[in-house]
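Trainee: One file is attached below, coords_19.tsv, containing TSV, C-alpha atoms.
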```
chain	number	residue	atom	x	y	z
A	1	CYS	CA	105.64	85.16	124.53
A	2	PRO	CA	104.77	82.83	127.47
A	3	THR	CA	108.40	82.60	128.57
A	4	ARG	CA	108.58	86.24	129.66
A	5	TRP	CA	108.90	86.87	133.39
A	6	TYR	CA	105.54	88.63	133.76
A	7	TRP	CA	103.63	85.61	132.43
A	8	LYS	CA	104.92	83.66	135.44
A	9	LEU	CA	103.02	86.10	137.69
A	10	VAL	CA	99.63	85.46	136.06
A	11	PRO	CA	98.77	82.23	137.94
A	12	HIS	CA	99.75	83.87	141.24
A	13	ALA	CA	97.61	86.94	140.46
A	14	ILE	CA	94.60	84.76	139.62
A	15	ALA	CA	95.05	82.73	142.81
A	16	PHE	CA	95.29	85.93	144.86
A	17	CYS	CA	92.11	87.32	143.26
A	18	LEU	CA	90.23	84.06	143.94
A	19	LYS	CA	91.36	84.10	147.56
A	20	GLU	CA	90.42	87.77	148.05
A	21	SER	CA	87.03	87.53	146.35
A	22	GLY	CA	85.69	84.75	148.60
A	23	ASN	CA	82.32	83.59	147.25
A	24	LYS	CA	82.02	86.39	144.68
A	25	PRO	CA	83.32	85.94	141.13
A	26	PRO	CA	86.91	87.15	140.89
A	27	VAL	CA	87.60	90.54	139.41
A	28	ILE	CA	90.96	91.08	137.83
A	29	ARG	CA	91.88	94.66	137.05
A	30	TYR	CA	94.94	96.18	135.55
A	31	ARG	CA	95.80	99.62	136.84
A	32	LYS	CA	98.11	101.81	134.87
A	33	ASP	CA	99.87	104.05	137.35
A	34	LYS	CA	101.70	106.32	134.97
A	35	VAL	CA	100.36	107.62	131.69
A	36	PRO	CA	103.25	108.04	129.27
A	37	PRO	CA	103.66	111.65	128.22
A	38	ARG	CA	102.63	112.45	124.68
A	39	GLN	CA	105.77	112.80	122.66
A	40	THR	CA	106.32	115.77	120.42
A	41	PRO	CA	106.71	114.57	116.84
A	42	CYS	CA	110.19	114.75	115.37
A	43	PHE	CA	109.85	116.73	112.13
A	44	PRO	CA	112.65	115.72	109.79
A	45	PRO	CA	114.80	118.57	108.42
A	46	VAL	CA	114.64	118.92	104.65
A	47	LEU	CA	117.85	120.04	103.00
A	48	GLY	CA	117.34	118.36	99.63
A	49	LEU	CA	115.03	116.11	97.65
A	50	LYS	CA	116.60	113.00	99.20
A	51	ASP	CA	115.25	114.12	102.60
A	52	LEU	CA	111.71	113.72	101.26
A	53	ALA	CA	112.22	109.98	100.71
A	54	SER	CA	110.69	109.00	104.08
A	55	GLY	CA	107.44	110.76	103.23
A	56	GLY	CA	107.26	112.31	106.70
A	57	ALA	CA	107.93	115.90	105.59
A	58	ILE	CA	105.46	115.75	102.69
A	59	ALA	CA	102.78	114.14	104.86
A	60	ALA	CA	103.32	116.74	107.63
A	61	THR	CA	102.98	119.51	105.01
A	62	ILE	CA	99.73	117.97	103.77
A	63	HIS	CA	98.52	117.86	107.38
A	64	TYR	CA	99.35	121.55	107.81
A	65	TYR	CA	97.27	122.55	104.79
A	66	CYS	CA	94.51	119.91	105.15
A	67	PRO	CA	94.33	118.76	108.78
A	68	GLN	CA	90.90	117.18	108.22
A	69	ALA	CA	92.19	115.11	105.27
A	70	LEU	CA	95.32	113.73	106.94
A	71	ARG	CA	95.67	113.52	110.72
A	72	LEU	CA	99.16	113.96	112.14
A	73	GLU	CA	98.64	110.88	114.32
A	74	GLU	CA	98.58	108.77	111.14
A	75	VAL	CA	101.99	110.03	110.02
A	76	CYS	CA	105.09	108.29	111.33
A	77	LEU	CA	107.57	110.99	112.40
A	78	LYS	CA	110.61	109.55	114.09
A	79	GLU	CA	114.32	109.13	113.54
A	80	PRO	CA	115.51	106.74	112.26
A	81	MET	CA	112.61	105.51	110.19
A	82	SER	CA	112.29	101.97	108.84
A	83	VAL	CA	111.47	101.20	105.21
A	84	ALA	CA	108.00	99.99	106.23
A	85	GLU	CA	107.29	103.26	108.06
A	86	SER	CA	108.53	105.28	105.09
A	87	LEU	CA	106.29	103.27	102.74
A	88	HIS	CA	103.37	103.92	105.09
A	89	ASN	CA	103.97	107.69	104.95
A	90	LEU	CA	104.42	107.65	101.18
A	91	GLY	CA	101.20	105.64	100.88
A	92	LEU	CA	99.38	108.38	102.83
A	93	VAL	CA	100.79	111.00	100.44
A	94	ARG	CA	99.77	108.96	97.42
A	95	ASP	CA	96.25	108.33	98.79
A	96	PHE	CA	95.83	112.06	99.44
A	97	SER	CA	96.88	112.96	95.91
A	98	CYS	CA	94.48	110.39	94.43
A	99	ARG	CA	91.53	111.56	96.54
A	100	HIS	CA	91.99	115.32	96.56
A	101	LEU	CA	94.18	116.42	93.67
A	102	GLY	CA	92.16	114.65	91.00
A	103	THR	CA	95.28	113.19	89.44
A	104	ARG	CA	97.12	110.04	90.30
A	105	CYS	CA	100.61	110.47	91.61
A	106	PRO	CA	102.75	109.55	88.58
A	107	LEU	CA	105.43	108.06	90.83
A	108	ALA	CA	105.47	104.64	92.43
A	109	LEU	CA	106.12	104.42	96.16
A	110	GLU	CA	109.54	102.94	95.43
A	111	ASP	CA	110.34	105.89	93.15
A	112	LEU	CA	109.79	108.28	96.05
A	113	LEU	CA	111.47	106.00	98.56
A	114	TYR	CA	114.74	105.52	96.67
A	115	MET	CA	114.68	108.91	94.90
A	116	ALA	CA	116.68	107.93	91.82
A	117	PRO	CA	118.49	110.91	90.25
A	118	CYS	CA	116.67	110.41	86.94
A	119	LEU	CA	113.30	110.95	88.72
A	120	ARG	CA	114.16	114.18	90.52
A	121	LEU	CA	112.36	116.27	87.88
A	122	ASN	CA	109.24	114.15	88.34
A	123	VAL	CA	109.41	114.59	92.11
A	124	GLY	CA	109.84	118.34	91.61
A	125	ALA	CA	106.78	118.38	89.35
A	126	PHE	CA	104.75	116.54	92.01
A	127	LEU	CA	105.85	119.05	94.67
A	128	ALA	CA	104.93	121.90	92.31
A	129	GLU	CA	101.48	120.38	91.88
A	130	LEU	CA	101.05	120.28	95.67
A	131	PHE	CA	102.20	123.90	95.93
A	132	LEU	CA	99.77	124.96	93.18
A	133	CYS	CA	96.90	123.29	95.00
A	134	PHE	CA	97.75	124.57	98.49
A	135	GLU	CA	98.89	128.12	97.76
A	136	VAL	CA	97.37	129.18	94.44
A	137	LEU	CA	94.12	127.33	93.70
A	138	ARG	CA	93.05	126.79	97.32
A	139	PRO	CA	90.14	124.36	96.84
A	140	PRO	CA	87.59	124.15	99.68
A	141	PHE	CA	89.36	121.25	101.42
A	142	VAL	CA	92.52	123.37	101.90
A	143	ARG	CA	92.29	125.01	105.32
A	144	PRO	CA	95.79	125.77	106.63
A	145	ARG	CA	96.25	125.52	110.37
A	146	ASP	CA	96.74	128.72	112.30
A	147	LEU	CA	100.01	128.44	114.15
A	148	GLY	CA	99.32	131.59	116.15
A	149	GLY	CA	102.67	133.15	115.42
A	150	GLY	CA	101.82	136.74	114.70
```
Transcribe the structure of this file into structure tokens.

Mentor:
Amino acid sequence: CPTRWYWKLVPHAIAFCLKESGNKPPVIRYRKDKVPPRQTPCFPPVLGLKDLASGGAIAATIHYYCPQALRLEEVCLKEPMSVAESLHNLGLVRDFSCRHLGTRCPLALEDLLYMAPCLRLNVGAFLAELFLCFEVLRPPFVRPRDLGGG
């Protein structure tokens, strides 16, 4: 937005660089003094099926079991989460199930997002399918991360 205060500084910065450079072409550099610290992701607590509606917990679980298939940087983990961010996470979960589980997720993104009571059995069946893949069948792409806790 050109009305912001920092845009008013641009002409002055260019003039300063032209004055300082003399006959040489001006060089304008932006120096970032402080690198923002990397924030620890906020893993949402799961107390019931409704807590899975944002997709963050399911996507983080998929990352734990298959870090090469779903990077944690792709998953939006924050509180509160917007509908668009939840749909992004649920899309990651759905893409993973299509690519690696061999079956399409029988639920639409909106089904997972709004978690209607009549679909709770279907969501439970989808979670059971993930558990079967990660803990029982263990295909080659499943390589759980070592958390180093004992």

Trainee: Using atom CA of A:Glu73 and atom CA of A:Cys105 as the two end points, give the distance in Å to one decimal.

Mentor: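 These two atoms are separated by 22.8 Å.
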
Trainee: Out of A:Gly102, A:Pro67, A:Pro80, A:Gly124, which residue has the shortest atom-to-atom distance to A:Gly48 when counting only C-alpha atoms?

Mentor: A:Gly124

Trainee: For a test of reading the model, state the distance in Å between atom CA of A:Glu110 and atom CA of A:Ser86, rounded to one decimal.

Mentor: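 We find that atom CA of A:Glu110 and atom CA of A:Ser86 lie 10.0 Å from each other.
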
Trainee: Find the spatial neighbours of A:Asn122, counting only C-alpha atoms, within a cut-off of 8 Å - ignore same-chain residues fewer than 4 positions away - and output them as a CSV table (one decimal) with C-alpha atoms, keeping the file's coordinate frame.

Mentor:
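So out29.csv came out as:
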```csv
chain,number,residue,atom,x,y,z
A,106,PRO,CA,102.8,109.6,88.6
A,107,LEU,CA,105.4,108.1,90.8
A,126,PHE,CA,104.8,116.5,92.0
```

Trainee: Please determine, counting all atoms listed in the file, which residue among A:Glu79, A:Asp51, A:Glu135, A:Asp111 has the shortest atom-to-atom distance to A:Gly91.

Mentor: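 Residue with the minimum atom-to-atom distance to A:Gly91: A:Asp111.
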
Trainee: Write out as a PyMOL selection string each polymer residue whose atoms come within 10 Å of A:Cys133, counting only C-alpha atoms; drop sequence neighbours fewer than 4 positions from it.

Mentor: chain A and resi 65+100-101+127-129+137-139+142

Trainee: If you count all atoms listed in the file, which residues fall within 8 Å of A:Met115, apart from same-chain ones fewer than 5 positions away, as a short mmCIF file (atom, residue, chain, number, x, y, z; two decimals) with C-alpha atoms, in the frame of the given file?

Mentor:
```cif
data_model
loop_
_atom_site.label_atom_id
_atom_site.label_comp_id
_atom_site.auth_asym_id
_atom_site.auth_seq_id
_atom_site.Cartn_x
_atom_site.Cartn_y
_atom_site.Cartn_z
CA LEU A 49 115.03 116.11 97.65
CA LYS A 50 116.60 113.00 99.20
CA ALA A 53 112.22 109.98 100.71
CA GLU A 110 109.54 102.94 95.43
CA ARG A 120 114.16 114.18 90.52
#
```

Trainee: Which centre and edge lengths in Å to one decimal define the box along x, y and z that fits every listed atom of stretch 45-58 of chain A plus 8 Å per side, as JSON?

Mentor:
```
{"center_x": 111.7, "center_y": 114.5, "center_z": 103.0, "size_x": 28.4, "size_y": 27.0, "size_z": 26.8}
```

Trainee: Within 10 Å of A:Phe43, counting all atoms listed in the file, which residues show up once you throw out same-chain ones fewer than 6 positions away? Write them as a PyMOL selection string, please.

Mentor: chain A and resi 56-57+60+76-79

Trainee: I'd like the interatomic distance between atom CA of A:Leu87 and atom CA of A:Phe131, to a tenth of an Å.

Mentor: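 Atom CA of A:Leu87 sits 22.1 Å away from atom CA of A:Phe131.
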
Trainee: Find the residue from A:Leu113, A:Leu147, A:Val136, A:Leu130 that sits nearest to A:Ser82; use only C-alpha atoms when measuring.

Mentor: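 For A:Ser82, the nearest of the candidates is A:Leu113.
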
Trainee: Residues within 10 Å of A:Ala69, please, as a count of residues only. Count all atoms listed in the file; anything in the same chain fewer than 3 positions from it doesn't count.

Mentor: 12

Trainee: Considering all atoms listed in the file, state which residue in the set A:Leu119, A:Glu74, A:Tyr114, A:Ala125 is at the smallest distance from A:His88.

Mentor: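 Nearest candidate to A:His88 out of A:Leu119, A:Glu74, A:Tyr114, A:Ala125: A:Glu74.
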